[in-house]
Amino acid sequence: MPHRVDRPVIAELRERIAHLESGAGRAREILPFGVPEIDRRLPGGGLALGALHEVAGGANGAVDGAAAALFAAGIAARTKGKVLWIVTRSDLFAPALAQAGLAPDHVFHAEVCDEKSVLACFEEGLRHGGLGAVVAETAHLSMTASRRLQLAAEGAGTIGLAIRRWRRQSEAGDFGQPTASATRWRVSALPSDPLPVPGLGRARWLVELIRARAGESADFEVEACDAKGRIAVPSEVAYRSPQKEVGRRIAFL
Amino acid sequence: MAVAKAQALVPGLVVLDADPAADREGLDKLSLWALQRISPVVAADPPDGLMIDTTGADHLHGGEAAMLETMVEKFAQSGVDARAAVADTWGAAHAAARYMRLRTVIVPAGESKAVLLPLPLAALRLEVETVAALHTLGFETIRDLIDQPRPPLTLRFGPEIERRIDQALGVIGEPVDPIRSPELVEVRRVFGEPIGAAETIARYTAKLVEALCKELEQRGAGARRLDLLFHRVDNTMQFVRVGMARPVRDPRRLTRLLCDKIETVDPGFGIEIMVLVAIETEPLREQQAISSLIEAPEADVSDLIDVLANRIGENRICRFVPAQSDVPERSVARVSALSPETGATWDGEWPRPPRLLTRPEPIETMALLPDHPPAWFTWRGVRRRVRRADGPERIRGEWWKRDAELTTVRDYFRVEDETGERYWLFRSGDGEHAESGSHRWFLHGIFG
């Protein structure tokens with residue numbers, strides 16, 4: 001654990017608490033982002049696998065949830081096994097998921113008509129245990145519902161990703177309500193770095209870790225998922241060499 | 001009408017002898033078809049009809065309207081010109097299908113009476129002589145008859161008229177004798193005392209499933225579709241139907257699927273007979289599991305898919321696979337969740353947005369022609385300045401699909417506004433030739 005623990009007493013206490021929390025004494029599995037700046041801030045050095053995590057979009061993203069969906073797709077793409085993606089609105093475009101590393105053979109899409117069925121299918125998917133990740137787009141997530149989902153995820157060791165997405169901007173205040181999820185993220189778009197040629201570079205996000213159980217909140221500025229679902233921290237070099245793909249694109253501005 | 005007269009009226013008329021036995025046989029075949037595809041309770045309604053109890057089965061076919069459309073369409077494909085109606089009772093549906101002269105009729109719940117009133121008396125399934133005699137008395141439609149005092153009618157024509165009216169209105173029940181085929185694997189259990197508690201039903205369901213699985217094992221088959229029928233003491237039936245994506249013979253899995261649906265069963269005053277039928281079976285042989293020593297085998301999720309499919313409907317759980325098309329909305333095809341994996345993915349380096357609007361929304365823009373991205377655009381009342389853009393990616397119409405697409409062109413641009421949000425815009429048309437499109441701008445997707 002890359003925590004700065006100076007005193008062995010504290011370390012021992014932490015271990016005991018972790019042992020109590022994980023119940024059966026099973027070591028909790030972790031899915032690191034592969035970005036030391038982020039992993040260092042998360043308890044255990046990454047996202048806990050058998051847990052529920054919430055992702056929401058900031059600003060307009062609260063309604064369209066585009067960046068949040070890609071962020072979740074990136075996490076799901078790095079897990080082992082198939083992924084179940086549950087939606088109520090049918091505007092998800094599968095080629096974009098494939099570009100974030102989720103191959104079409106590995107994703108089951110479930111389209112349900114109401115929020116209640118979303119939660120029921122979400123729990124069913126988590127409880128099964130054979131899936132790598134379960135992603136659900138939902139607007140409301142009560143304490144009771146999230147607790148059930150969290151327990152289901154803990155029991156089976158599947159990661160649950162709830163994309164919070166509301167019908168109207170005004171409903172996004174719902175994200176302040178407490179839930180039982182292990183971490184809570186908000187992903188919003190940032191202006192990307194200008195390229196030396198006309199065109200668009202890699203998208204850039206402001207990823208806010210709003211809440212982390214047994215951890216502290218933090219903000220990160222990251223570059224969006226690549227074809228394997230990995231995010232990256234932008235390098236600080238002012239004039240780096242242009243990206244390789246740039247030359248192949250026709251761009252006008 | 002005499003045959004000679006008919007032949008005189010229509011030249012080249014083909015005359016065949018009526019063959020009621022063959023008709024009945026054909027009708028039975030049709031009912032078996034409907035039994036396997038639509039609903040567990042199907043009865044032949046001779047001489048020319050099918051009765052299907054669709055309670056609780058319509059949502060699996062996308063709603064009542066879609067279900068009727070599909071049925072009539074399927075019949076039309078096999079050369080049968082059919083009409084279909086859904087109503088509260090057998091009598092009302094029978095009348096609506098035959099006398100409303102529409103391809104499909106949906107009688108809303110509780111409105112059977114209003115629909116029946118203007119229909120002719122023959123719609124009540126009465127004997128031809130009775131209808132003729134009523135006509136002589138001046139009764140033309142059901143409206144004329146329905147409020148007449150019953151005793152004189154019964155005295156003159158017997159109890160049939162009263163019974164048929166009450167059956168059509170749902171005042172008295174009408175027992176259904178559903179069709180069964182000897183090839184179907186069926187197990188049943190008759191109870192001495194009617195049962196009603198959910199736990200009891202679940203327990204006996206498990207016992208029935210076990211017996212059925214033994215039977216299936218002897219035949220080397222697995223079930224693709226199961227029906228659990230409950231005969232209630234008041235002579236009505238309730239049913240539960242579950243479908244499996246692959247043939248299954250595992251009692252635990254089948255019990256789980258059936259027990260998930262018990263809450264939809266209304267036991268009423270009690271259930272006296274439970275029947276479990278494997279409506280569709282497929283060969284299922286024991287297979288040796290191939291184990292690879294290097295990596296852990298991928299978990300089998302077909303049971304989860306079955307559970308979800310039976311909960312939300314079979315067509316609502318799927319996989320999206322690439323389709324051979326460059327037009328974004330046509331580049332994705334739905335396949336069933338457990339269809340074989342092909343490893344195919346979308347090729348092309350151009351980024352695609354995670355959100356694609358079902359219908360491109362028109363936007364106001366200002367852009368240089370022919371091939372510059374817009375300098376700004378207004379979408380849903382918000383004006384955004386374009387900071388950076390990439391494009392155009394030209395997508396041509398698919399002339400082999402529609403003549404109108406022979407010359408059409410879409411030029412797609414990725415644009416980023418001042419806050420960093422990225423959108424997928426396109427101009428319908430190439431910016432030079434009027435025949436290539438309307439040259440209006442649309443927003444088609446949102447990038448993350």
# chains A, B, ... in the order shown; residues from 1 in each chain; ligands from 1
$ residues_around --residues "region 276-285 of chain B" --least-positions-apart "5" --cutoff "6 Å" --atoms "only C-alpha atoms" --output "list in words"
Gln36, Val185, Glu186, Val187, Gly220, Ala221, Gly222, Ala223, Arg224, Arg225, Leu226, Asp227, Leu228 and Pro247 of chain B
$ closest_atom_pairs --of "chain A" --to "chain B" --cutoff "6 Å" --atoms "only C-alpha atoms" --output "tab-separated table"
residue	atom	partner	partner_atom	distance
A:Ala66	CA	B:Gly448	CA	4.5
A:Ala67	CA	B:Gly448	CA	3.5
A:Asp91	CA	B:Leu356	CA	5.3
A:Leu92	CA	B:Arg355	CA	4.9
A:Phe93	CA	B:Pro354	CA	5.0
A:Ala96	CA	B:Pro354	CA	4.9
A:Pro104	CA	B:Val321	CA	5.8
A:Asp105	CA	B:Glu341	CA	5.7
A:Phe108	CA	B:Arg319	CA	5.0
A:His109	CA	B:Cys318	CA	5.3
A:Ala110	CA	B:Ile317	CA	4.3
A:Glu111	CA	B:Arg316	CA	5.3
A:Gly130	CA	B:Ala299	CA	5.0
A:Ala189	CA	B:Gly420	CA	5.3
A:Leu190	CA	B:Gly420	CA	4.5
A:Pro191	CA	B:Gly420	CA	3.7
A:Gly199	CA	B:Asp390	CA	4.6
A:Leu200	CA	B:Asp390	CA	5.7
A:Ala251	CA	B:Asp390	CA	5.1
$ residues_around --residues "region 115-128 of chain B" --least-positions-apart "5" --cutoff "9 Å" --atoms "only C-alpha atoms" --output "PDB file with C-alpha atoms, in the first residue's frame"
ATOM      1  CA  GLY B  91     -66.812 -13.911 -26.875  1.00  0.00           C
ATOM      2  CA  ALA B  92     -65.869 -10.255 -27.331  1.00  0.00           C
ATOM      3  CA  HIS B  94     -64.348 -13.558 -31.333  1.00  0.00           C
ATOM      4  CA  ALA B  95     -66.949 -10.955 -32.334  1.00  0.00           C
ATOM      5  CA  ALA B  96     -64.425  -8.120 -32.804  1.00  0.00           C
ATOM      6  CA  ARG B  98     -64.918 -11.411 -37.268  1.00  0.00           C
ATOM      7  CA  TYR B  99     -67.333  -8.506 -37.532  1.00  0.00           C
ATOM      8  CA  MET B 100     -65.319  -5.288 -37.196  1.00  0.00           C
ATOM      9  CA  VAL B 107     -60.636  -3.603 -27.370  1.00  0.00           C
ATOM     10  CA  ALA B 133     -85.545 -16.468 -36.048  1.00  0.00           C
ATOM     11  CA  LEU B 134     -84.357 -13.382 -34.162  1.00  0.00           C
ATOM     12  CA  HIS B 135     -84.123 -11.501 -37.466  1.00  0.00           C
ATOM     13  CA  PHE B 139     -83.629  -7.988 -33.820  1.00  0.00           C
ATOM     14  CA  GLU B 140     -80.689  -6.845 -35.960  1.00  0.00           C
ATOM     15  CA  THR B 141     -77.808  -5.915 -33.677  1.00  0.00           C
ATOM     16  CA  ILE B 142     -76.636  -6.940 -30.244  1.00  0.00           C
ATOM     17  CA  ARG B 143     -77.834  -3.548 -28.982  1.00  0.00           C
ATOM     18  CA  ASP B 144     -81.439  -4.576 -29.740  1.00  0.00           C
ATOM     19  CA  LEU B 145     -81.128  -7.822 -27.847  1.00  0.00           C
ATOM     20  CA  ILE B 146     -78.937  -7.051 -24.895  1.00  0.00           C
ATOM     21  CA  GLU B 160     -78.171 -20.421 -25.315  1.00  0.00           C
ATOM     22  CA  ILE B 161     -78.778 -16.693 -25.967  1.00  0.00           C
ATOM     23  CA  ARG B 164     -73.608 -16.356 -24.977  1.00  0.00           C
ATOM     24  CA  ILE B 165     -74.400 -12.748 -23.993  1.00  0.00           C
ATOM     25  CA  ALA B 168     -69.236 -12.147 -24.176  1.00  0.00           C
ATOM     26  CA  LEU B 169     -69.636  -9.618 -21.363  1.00  0.00           C
TER      27      LEU B 169
END
$ residues_around --residues "Trp90 (chain B)" --least-positions-apart "2" --cutoff "9 Å" --atoms "only C-alpha atoms" --output "PDB file with N, CA and C atoms, in the first residue's frame"
ATOM      1  N   MET B  51     -58.128 -19.406 -30.417  1.00  0.00           N
ATOM      2  CA  MET B  51     -58.306 -18.611 -29.216  1.00  0.00           C
ATOM      3  C   MET B  51     -56.977 -18.649 -28.470  1.00  0.00           C
ATOM      4  N   ILE B  52     -56.417 -17.491 -28.184  1.00  0.00           N
ATOM      5  CA  ILE B  52     -55.140 -17.428 -27.480  1.00  0.00           C
ATOM      6  C   ILE B  52     -55.327 -16.579 -26.236  1.00  0.00           C
ATOM      7  N   ASP B  53     -55.022 -17.145 -25.087  1.00  0.00           N
ATOM      8  CA  ASP B  53     -55.078 -16.362 -23.849  1.00  0.00           C
ATOM      9  C   ASP B  53     -53.735 -15.644 -23.706  1.00  0.00           C
ATOM     10  N   VAL B  86     -57.972  -8.426 -29.740  1.00  0.00           N
ATOM     11  CA  VAL B  86     -57.739  -8.688 -28.316  1.00  0.00           C
ATOM     12  C   VAL B  86     -58.874  -8.060 -27.531  1.00  0.00           C
ATOM     13  N   ALA B  87     -59.472  -8.819 -26.626  1.00  0.00           N
ATOM     14  CA  ALA B  87     -60.526  -8.256 -25.786  1.00  0.00           C
ATOM     15  C   ALA B  87     -60.508  -8.969 -24.443  1.00  0.00           C
ATOM     16  N   ASP B  88     -61.408  -8.528 -23.547  1.00  0.00           N
ATOM     17  CA  ASP B  88     -61.441  -9.099 -22.204  1.00  0.00           C
ATOM     18  C   ASP B  88     -61.899 -10.552 -22.201  1.00  0.00           C
ATOM     19  N   ALA B  92     -66.068 -11.593 -26.786  1.00  0.00           N
ATOM     20  CA  ALA B  92     -65.869 -10.255 -27.331  1.00  0.00           C
ATOM     21  C   ALA B  92     -64.772 -10.262 -28.391  1.00  0.00           C
ATOM     22  N   ALA B  93     -63.671 -11.006 -28.126  1.00  0.00           N
ATOM     23  CA  ALA B  93     -62.585 -11.051 -29.086  1.00  0.00           C
ATOM     24  C   ALA B  93     -63.035 -11.754 -30.371  1.00  0.00           C
ATOM     25  N   HIS B  94     -63.811 -12.813 -30.201  1.00  0.00           N
ATOM     26  CA  HIS B  94     -64.348 -13.558 -31.333  1.00  0.00           C
ATOM     27  C   HIS B  94     -65.180 -12.619 -32.223  1.00  0.00           C
ATOM     28  N   ALA B  95     -66.076 -11.855 -31.588  1.00  0.00           N
ATOM     29  CA  ALA B  95     -66.949 -10.955 -32.334  1.00  0.00           C
ATOM     30  C   ALA B  95     -66.148  -9.845 -33.006  1.00  0.00           C
ATOM     31  N   GLN B 167     -71.362 -14.651 -21.548  1.00  0.00           N
ATOM     32  CA  GLN B 167     -69.961 -15.013 -21.793  1.00  0.00           C
ATOM     33  C   GLN B 167     -69.224 -13.879 -22.491  1.00  0.00           C
ATOM     34  N   ALA B 168     -69.886 -13.232 -23.443  1.00  0.00           N
ATOM     35  CA  ALA B 168     -69.236 -12.147 -24.176  1.00  0.00           C
ATOM     36  C   ALA B 168     -68.952 -10.967 -23.251  1.00  0.00           C
ATOM     37  N   GLY B 170     -68.429 -11.260 -20.057  1.00  0.00           N
ATOM     38  CA  GLY B 170     -67.568 -11.665 -18.957  1.00  0.00           C
ATOM     39  C   GLY B 170     -68.310 -11.852 -17.653  1.00  0.00           C
ATOM     40  N   GLU B 174     -65.799 -18.820 -19.115  1.00  0.00           N
ATOM     41  CA  GLU B 174     -65.876 -19.757 -20.215  1.00  0.00           C
ATOM     42  C   GLU B 174     -64.628 -20.632 -20.165  1.00  0.00           C
TER      43      GLU B 174
END
$ select_by_dssp --residues "region 30-217 of chain A" --states "strand (DSSP E)" --output "JSON, numbers by chain"
{"A": [30, 31, 47, 48, 52, 53, 54, 55, 56, 57, 83, 84, 85, 86, 87, 107, 108, 109, 110, 111, 133, 134, 135, 136, 137, 138, 159, 160, 161, 162, 163, 164, 183, 184, 185, 186, 187, 188, 189, 190, 204, 205, 206, 207, 208, 209, 210, 211, 212]}
$ select_by_dssp --residues "region 2-221 of chain A" --states "helix (DSSP H, G or I)" --output "compact mmCIF listing (two decimals) with N, CA and C atoms, in the first residue's frame"
# COMPACT_ATOMS: atom_id res chain seq x y z
N PRO A 8 4.08 1.97 12.99
CA PRO A 8 3.59 0.60 12.79
C PRO A 8 2.26 0.34 13.49
N VAL A 9 2.00 1.10 14.59
CA VAL A 9 0.74 0.89 15.32
C VAL A 9 -0.44 1.23 14.42
N ILE A 10 -0.32 2.38 13.74
CA ILE A 10 -1.39 2.83 12.84
C ILE A 10 -1.60 1.80 11.73
N ALA A 11 -0.46 1.33 11.22
CA ALA A 11 -0.55 0.36 10.13
C ALA A 11 -1.29 -0.89 10.58
N GLU A 12 -0.97 -1.31 11.79
CA GLU A 12 -1.60 -2.53 12.29
C GLU A 12 -3.10 -2.32 12.49
N LEU A 13 -3.44 -1.14 13.03
CA LEU A 13 -4.86 -0.82 13.23
C LEU A 13 -5.61 -0.80 11.90
N ARG A 14 -4.98 -0.18 10.92
CA ARG A 14 -5.60 -0.11 9.59
C ARG A 14 -5.88 -1.51 9.06
N GLU A 15 -4.91 -2.37 9.25
CA GLU A 15 -5.05 -3.75 8.76
C GLU A 15 -6.23 -4.43 9.44
N ARG A 16 -6.33 -4.17 10.75
CA ARG A 16 -7.42 -4.82 11.50
C ARG A 16 -8.78 -4.31 11.03
N ILE A 17 -8.83 -3.00 10.77
CA ILE A 17 -10.11 -2.44 10.30
C ILE A 17 -10.46 -3.02 8.94
N ALA A 18 -9.46 -3.10 8.07
CA ALA A 18 -9.70 -3.66 6.74
C ALA A 18 -10.18 -5.09 6.84
N HIS A 19 -9.60 -5.82 7.81
CA HIS A 19 -9.99 -7.21 8.01
C HIS A 19 -11.43 -7.30 8.45
N LEU A 20 -11.82 -6.38 9.35
CA LEU A 20 -13.21 -6.37 9.83
C LEU A 20 -14.17 -6.03 8.68
N GLU A 21 -13.75 -5.07 7.87
CA GLU A 21 -14.65 -4.60 6.81
C GLU A 21 -14.89 -5.66 5.76
N PRO A 36 -0.08 6.66 -11.17
CA PRO A 36 0.31 6.74 -9.75
C PRO A 36 -0.34 7.90 -9.02
N GLU A 37 -0.53 9.04 -9.72
CA GLU A 37 -1.12 10.22 -9.05
C GLU A 37 -2.52 9.91 -8.51
N ILE A 38 -3.28 9.09 -9.26
CA ILE A 38 -4.65 8.77 -8.83
C ILE A 38 -4.64 7.60 -7.86
N ASP A 39 -3.88 6.56 -8.21
CA ASP A 39 -3.88 5.36 -7.37
C ASP A 39 -3.42 5.65 -5.95
N GLY A 61 -22.81 17.39 -18.77
CA GLY A 61 -22.61 15.94 -18.67
C GLY A 61 -23.59 15.28 -17.72
N ALA A 62 -24.22 16.07 -16.82
CA ALA A 62 -25.20 15.49 -15.91
C ALA A 62 -26.40 14.97 -16.70
N VAL A 63 -26.67 15.58 -17.86
CA VAL A 63 -27.81 15.16 -18.66
C VAL A 63 -27.38 14.14 -19.72
N ASP A 64 -26.27 14.44 -20.44
CA ASP A 64 -25.89 13.51 -21.49
C ASP A 64 -25.01 12.36 -20.99
N ALA A 66 -21.98 11.68 -21.26
CA ALA A 66 -21.10 11.10 -22.28
C ALA A 66 -19.72 10.79 -21.71
N ALA A 67 -19.13 11.78 -21.03
CA ALA A 67 -17.80 11.56 -20.48
C ALA A 67 -17.85 10.51 -19.37
N ALA A 68 -18.93 10.55 -18.56
CA ALA A 68 -19.07 9.57 -17.48
C ALA A 68 -19.15 8.16 -18.07
N ALA A 69 -19.88 8.02 -19.20
CA ALA A 69 -20.02 6.70 -19.82
C ALA A 69 -18.66 6.19 -20.30
N LEU A 70 -17.87 7.08 -20.90
CA LEU A 70 -16.56 6.66 -21.39
C LEU A 70 -15.63 6.30 -20.24
N PHE A 71 -15.71 7.09 -19.15
CA PHE A 71 -14.88 6.82 -17.97
C PHE A 71 -15.22 5.44 -17.42
N ALA A 72 -16.54 5.15 -17.32
CA ALA A 72 -16.97 3.84 -16.82
C ALA A 72 -16.56 2.74 -17.80
N ALA A 73 -16.68 3.03 -19.11
CA ALA A 73 -16.30 2.02 -20.11
C ALA A 73 -14.82 1.68 -19.98
N GLY A 74 -14.01 2.71 -19.70
CA GLY A 74 -12.59 2.49 -19.54
C GLY A 74 -12.28 1.58 -18.36
N ILE A 75 -13.02 1.80 -17.25
CA ILE A 75 -12.81 0.95 -16.08
C ILE A 75 -13.27 -0.48 -16.39
N ALA A 76 -14.46 -0.58 -17.00
CA ALA A 76 -15.01 -1.91 -17.30
C ALA A 76 -14.10 -2.67 -18.27
N ALA A 77 -13.47 -1.92 -19.19
CA ALA A 77 -12.64 -2.58 -20.20
C ALA A 77 -11.41 -3.21 -19.57
N ALA A 94 -22.57 2.06 -29.49
CA ALA A 94 -21.61 1.00 -29.17
C ALA A 94 -20.22 1.20 -29.79
N PRO A 95 -20.07 1.74 -31.01
CA PRO A 95 -18.71 1.92 -31.54
C PRO A 95 -17.80 2.74 -30.62
N ALA A 96 -18.39 3.69 -29.89
CA ALA A 96 -17.57 4.49 -28.98
C ALA A 96 -17.05 3.64 -27.83
N LEU A 97 -17.87 2.69 -27.37
CA LEU A 97 -17.42 1.80 -26.30
C LEU A 97 -16.28 0.93 -26.81
N ALA A 98 -16.41 0.48 -28.07
CA ALA A 98 -15.36 -0.35 -28.66
C ALA A 98 -14.06 0.45 -28.72
N GLN A 99 -14.17 1.75 -29.00
CA GLN A 99 -12.97 2.58 -29.07
C GLN A 99 -12.37 2.84 -27.70
N PRO A 104 -17.17 -5.45 -28.79
CA PRO A 104 -18.62 -5.71 -28.87
C PRO A 104 -19.02 -7.12 -28.41
N ASP A 105 -18.10 -8.07 -28.51
CA ASP A 105 -18.43 -9.43 -28.07
C ASP A 105 -18.53 -9.53 -26.56
N HIS A 106 -18.00 -8.53 -25.87
CA HIS A 106 -17.91 -8.64 -24.42
C HIS A 106 -18.96 -7.85 -23.66
N GLU A 115 -36.72 2.84 -13.77
CA GLU A 115 -35.60 2.86 -12.82
C GLU A 115 -35.60 1.63 -11.92
N LYS A 116 -36.79 1.17 -11.59
CA LYS A 116 -36.90 0.03 -10.69
C LYS A 116 -36.26 -1.20 -11.33
N SER A 117 -36.55 -1.41 -12.60
CA SER A 117 -35.97 -2.58 -13.27
C SER A 117 -34.47 -2.42 -13.44
N VAL A 118 -34.00 -1.16 -13.60
CA VAL A 118 -32.55 -0.95 -13.70
C VAL A 118 -31.88 -1.51 -12.46
N LEU A 119 -32.43 -1.12 -11.29
CA LEU A 119 -31.80 -1.54 -10.04
C LEU A 119 -31.91 -3.06 -9.88
N ALA A 120 -33.05 -3.63 -10.26
CA ALA A 120 -33.23 -5.08 -10.13
C ALA A 120 -32.21 -5.82 -11.00
N CYS A 121 -32.06 -5.36 -12.25
CA CYS A 121 -31.12 -6.03 -13.16
C CYS A 121 -29.68 -5.80 -12.69
N PHE A 122 -29.40 -4.60 -12.17
CA PHE A 122 -28.08 -4.24 -11.66
C PHE A 122 -27.70 -5.22 -10.56
N GLU A 123 -28.62 -5.42 -9.61
CA GLU A 123 -28.33 -6.29 -8.49
C GLU A 123 -28.15 -7.73 -8.97
N GLU A 124 -29.02 -8.15 -9.90
CA GLU A 124 -28.94 -9.51 -10.43
C GLU A 124 -27.57 -9.73 -11.07
N GLY A 125 -27.11 -8.76 -11.84
CA GLY A 125 -25.83 -8.87 -12.51
C GLY A 125 -24.67 -8.93 -11.53
N LEU A 126 -24.74 -8.11 -10.49
CA LEU A 126 -23.66 -8.10 -9.49
C LEU A 126 -23.63 -9.41 -8.72
N ARG A 127 -24.82 -9.91 -8.37
CA ARG A 127 -24.91 -11.10 -7.54
C ARG A 127 -24.39 -12.34 -8.26
N HIS A 128 -24.51 -12.34 -9.59
CA HIS A 128 -24.16 -13.54 -10.35
C HIS A 128 -22.69 -13.90 -10.20
N MET A 143 -30.25 5.38 -0.49
CA MET A 143 -29.31 4.75 0.43
C MET A 143 -29.56 3.24 0.48
N THR A 144 -30.85 2.87 0.60
CA THR A 144 -31.19 1.45 0.70
C THR A 144 -30.76 0.70 -0.55
N ALA A 145 -31.09 1.29 -1.72
CA ALA A 145 -30.76 0.61 -2.97
C ALA A 145 -29.26 0.45 -3.11
N SER A 146 -28.51 1.53 -2.80
CA SER A 146 -27.07 1.44 -2.99
C SER A 146 -26.45 0.46 -2.00
N ARG A 147 -27.03 0.35 -0.82
CA ARG A 147 -26.53 -0.59 0.17
C ARG A 147 -26.70 -2.03 -0.34
N ARG A 148 -27.87 -2.30 -0.90
CA ARG A 148 -28.13 -3.63 -1.47
C ARG A 148 -27.12 -3.94 -2.57
N LEU A 149 -26.90 -2.94 -3.45
CA LEU A 149 -25.98 -3.15 -4.56
C LEU A 149 -24.57 -3.38 -4.05
N GLN A 150 -24.19 -2.59 -3.04
CA GLN A 150 -22.86 -2.71 -2.47
C GLN A 150 -22.66 -4.11 -1.87
N LEU A 151 -23.67 -4.59 -1.16
CA LEU A 151 -23.56 -5.93 -0.56
C LEU A 151 -23.47 -7.00 -1.64
N ALA A 152 -24.28 -6.83 -2.68
CA ALA A 152 -24.25 -7.81 -3.78
C ALA A 152 -22.87 -7.82 -4.43
N ALA A 153 -22.29 -6.62 -4.62
CA ALA A 153 -20.98 -6.53 -5.25
C ALA A 153 -19.92 -7.16 -4.36
N GLU A 154 -20.02 -6.87 -3.06
CA GLU A 154 -19.04 -7.43 -2.11
C GLU A 154 -19.09 -8.94 -2.12
N GLY A 155 -20.30 -9.49 -2.14
CA GLY A 155 -20.46 -10.94 -2.06
C GLY A 155 -19.86 -11.65 -3.26
N ALA A 156 -20.01 -11.05 -4.43
CA ALA A 156 -19.59 -11.75 -5.65
C ALA A 156 -18.25 -11.27 -6.17
N GLN A 169 -31.10 19.24 -15.89
CA GLN A 169 -29.94 19.78 -15.16
C GLN A 169 -30.29 20.03 -13.69
N SER A 170 -31.56 20.47 -13.44
CA SER A 170 -31.95 20.87 -12.09
C SER A 170 -31.99 19.68 -11.14
N GLU A 171 -32.11 18.45 -11.69
CA GLU A 171 -32.20 17.29 -10.81
C GLU A 171 -30.84 16.79 -10.35
N ALA A 172 -29.77 17.39 -10.94
CA ALA A 172 -28.44 16.87 -10.66
C ALA A 172 -28.02 17.09 -9.21
N GLY A 173 -28.76 17.92 -8.48
CA GLY A 173 -28.46 18.14 -7.07
C GLY A 173 -28.61 16.88 -6.25
N ASP A 174 -29.32 15.90 -6.83
CA ASP A 174 -29.51 14.59 -6.21
C ASP A 174 -28.18 13.90 -5.90
N PHE A 175 -27.12 14.31 -6.60
CA PHE A 175 -25.82 13.67 -6.41
C PHE A 175 -25.25 13.97 -5.04
N GLY A 176 -25.82 14.97 -4.36
CA GLY A 176 -25.33 15.29 -3.01
C GLY A 176 -25.85 14.33 -1.95
$ residues_around --residues "region 37-50 of chain B" --least-positions-apart "4" --cutoff "9 Å" --atoms "only C-alpha atoms" --output "NGL selection string"
:B and (20 or 23-24 or 27-28 or 30-33 or 54-58 or 60-61 or 67 or 71 or 94 or 176-180 or 226-229 or 237 or 239-241 or 279)
$ residues_around --residues "region 195-208 of chain B" --least-positions-apart "6" --cutoff "9 Å" --atoms "only C-alpha atoms" --output "list in words"
Val187, Arg188, Arg189, Leu228, Pro251, Arg252, Leu254, Thr255, Arg256, Leu258, Cys259, Ile262, Glu263, Val265, Asp266, Pro267, Gly268, Phe269, Gly270, Ile271, Glu272, Met274, Val275 and Leu276 of chain B
$ residues_around --residues "Leu42 (chain A)" --least-positions-apart "3" --cutoff "12 Å" --atoms "only C-alpha atoms" --output "ChimeraX atom specification"
/A:1-3,30-39,45-48,182-185,209-219
$ write_last_selection --atoms "C-alpha atoms" --output "mmCIF file, in the first residue's frame"
data_model
loop_
_atom_site.group_PDB
_atom_site.id
_atom_site.type_symbol
_atom_site.label_atom_id
_atom_site.label_comp_id
_atom_site.auth_asym_id
_atom_site.auth_seq_id
_atom_site.Cartn_x
_atom_site.Cartn_y
_atom_site.Cartn_z
ATOM 1 C CA MET A 1 0.000 0.000 0.000
ATOM 2 C CA PRO A 2 1.611 3.251 -1.027
ATOM 3 C CA HIS A 3 0.179 5.096 1.979
ATOM 4 C CA ILE A 30 -8.047 -3.840 -6.485
ATOM 5 C CA LEU A 31 -8.165 -2.483 -10.013
ATOM 6 C CA PRO A 32 -5.522 0.225 -10.303
ATOM 7 C CA PHE A 33 -5.837 3.026 -12.851
ATOM 8 C CA GLY A 34 -2.188 2.641 -13.677
ATOM 9 C CA VAL A 35 -1.720 6.333 -12.950
ATOM 10 C CA PRO A 36 0.314 6.741 -9.750
ATOM 11 C CA GLU A 37 -1.120 10.219 -9.054
ATOM 12 C CA ILE A 38 -4.654 8.770 -8.830
ATOM 13 C CA ASP A 39 -3.879 5.359 -7.374
ATOM 14 C CA GLY A 45 -4.089 1.768 -4.402
ATOM 15 C CA GLY A 46 -6.957 1.553 -6.863
ATOM 16 C CA LEU A 47 -10.661 0.929 -7.283
ATOM 17 C CA ALA A 48 -11.980 -1.886 -5.095
ATOM 18 C CA ALA A 182 -17.276 3.049 -2.138
ATOM 19 C CA THR A 183 -16.227 5.939 -4.355
ATOM 20 C CA ARG A 184 -17.989 8.715 -6.131
ATOM 21 C CA TRP A 185 -16.614 10.466 -9.189
ATOM 22 C CA LEU A 209 -13.052 12.111 -6.635
ATOM 23 C CA ILE A 210 -15.882 13.516 -4.548
ATOM 24 C CA ARG A 211 -16.036 10.777 -1.981
ATOM 25 C CA ALA A 212 -13.933 7.752 -1.198
ATOM 26 C CA ARG A 213 -14.622 5.434 1.700
ATOM 27 C CA ALA A 214 -11.578 5.461 3.988
ATOM 28 C CA GLY A 215 -9.930 7.994 1.719
ATOM 29 C CA GLU A 216 -9.889 11.658 0.921
ATOM 30 C CA SER A 217 -11.393 13.500 -2.002
ATOM 31 C CA ALA A 218 -9.157 14.869 -4.741
ATOM 32 C CA ASP A 219 -9.222 16.443 -8.212
#
$ closest_residue --among "B:Asp250, B:Glu193, B:Glu435, B:Asp430" --to "Glu405 (chain B)" --atoms "only C-alpha atoms"
B:Glu435
